[in-house]
Structure formats: structure tokens, C-alpha cells
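Structure record follows, encoded as C-alpha cells.
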Amino acid sequence: MRNYLCYLFLSVASFLFTYWASSEIVDKYLANNLVTIVIALLAINVQTIAVMAAKLKEITKDGTFKSTVKEIRVSIREQCLLVIASLFICGAHSMGSFEYKAIIIGICSFFVIYASLFIFIDTFNALITALFSE
């Protein structure tokens, strides 16, 4: 829960900064490419998880690592929800104008990006730990 509040805070701060700087990054780049970015991060994470799982299976004698498998499942579910959220955001971005559209699209886009990047970094850290554990 703490992570999600952090993502929300960062999203609002990022949106306010882009608004203050009169940047069009959300409209011109982020909202249009959000699904592609999130799916690319998901694909990278799935490959990373495959490498990590192979290494963990090699390391463990009995082949069981239930807590790790549970966390991997949670990670994949979160990423799938982020893909769905990005589809909704892109759909809302394509819709006609509605009240507070720029604010909602901007904050939600940044939220999805921050959450996806955190999962990516967390998976990378787990891979490094699995490969170089002693």
C-alpha cells in the first residue's frame, strides 16, 4: 500500500511539474505510447523471471521456493493490471474532451509508468540477487 501512495505522490508531482513547465509530454508521447511501454516492460520482466527461476531451481536442492513463486505470481498479476489500466487510459485519451481530462490522463499515465518501472527494478534486483548470491 505504501508503494502505491508513493506512486500517487510521484504522479501528482510529475503532472504538476509538466503543467508548470507547459510540457506536452503526456499528450504527445506518454499517453499515446503507454500500452507499448508497459507491455515491453512486462515482456522484459517475464524473460528475467524465467532466467531467475532457472537459476533458483539450479541452486535449491529440493527445487521448492514457494515464497518466491508466490511473489512472482503477484508481480505478473500487477503487471497485467497495469496493462489493462494503460488500455483504459489510452482509450480515455482518444475520447473527446471531458472535464479534467488532462489531469486524470496525466496523473494516471505517470502512475502506471512509475508502478511498471518499480516492478521492473524489483525484478532486476531479484535477478542480480539470484545470480550472484553466495
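Labeling convention for the C-alpha cells: chains A, B, ... as they appear, residues from 1 per chain, ligands from 1 in order of appearance.
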Counting only C-alpha atoms, give me one row per residue of range 78-106 of chain A with an atom at most 12 Å from an atom of range 42-59 of chain A, showing the shortest contact pair and its distance in Å to one decimal, sorted by chain then residue number, as a Markdown table.
| residue | atom | partner | partner_atom | distance |
| --- | --- | --- | --- | --- |
| A:Glu78 | CA | A:Leu42 | CA | 10.0 |
| A:Gln79 | CA | A:Leu42 | CA | 6.4 |
| A:Cys80 | CA | A:Leu42 | CA | 8.0 |
| A:Leu81 | CA | A:Leu42 | CA | 10.9 |
| A:Leu82 | CA | A:Leu42 | CA | 9.4 |
| A:Val83 | CA | A:Leu42 | CA | 8.6 |
Contact residues around Glu71 in chain A with only C-alpha atoms at 12 Å, ignoring same-chain residues under 2 positions, as a PyMOL selection string | chain A and resi 49+53+65-69+73-78+119+122-123+126
Sorted by chain and rising residue number, which residues of range 30-120 of chain A lie within 8 Å of range 3-11 of chain A, and what are their closest atom pairs and distances in Å to one decimal, counting only C-alpha atoms, as a tab-separated table?
residue	atom	partner	partner_atom	distance
A:Gly106	CA	A:Ser11	CA	8.0
A:Ile107	CA	A:Ser11	CA	5.2
A:Cys108	CA	A:Ser11	CA	7.3
A:Ser109	CA	A:Ser11	CA	8.0
A:Phe110	CA	A:Ser11	CA	4.9
A:Phe111	CA	A:Ser11	CA	5.2
A:Tyr114	CA	A:Tyr7	CA	6.0
A:Ala115	CA	A:Tyr7	CA	6.5
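In this structure, CA of Leu87 in chain A sits 19.2 Å away from CA of Phe120 in chain A.
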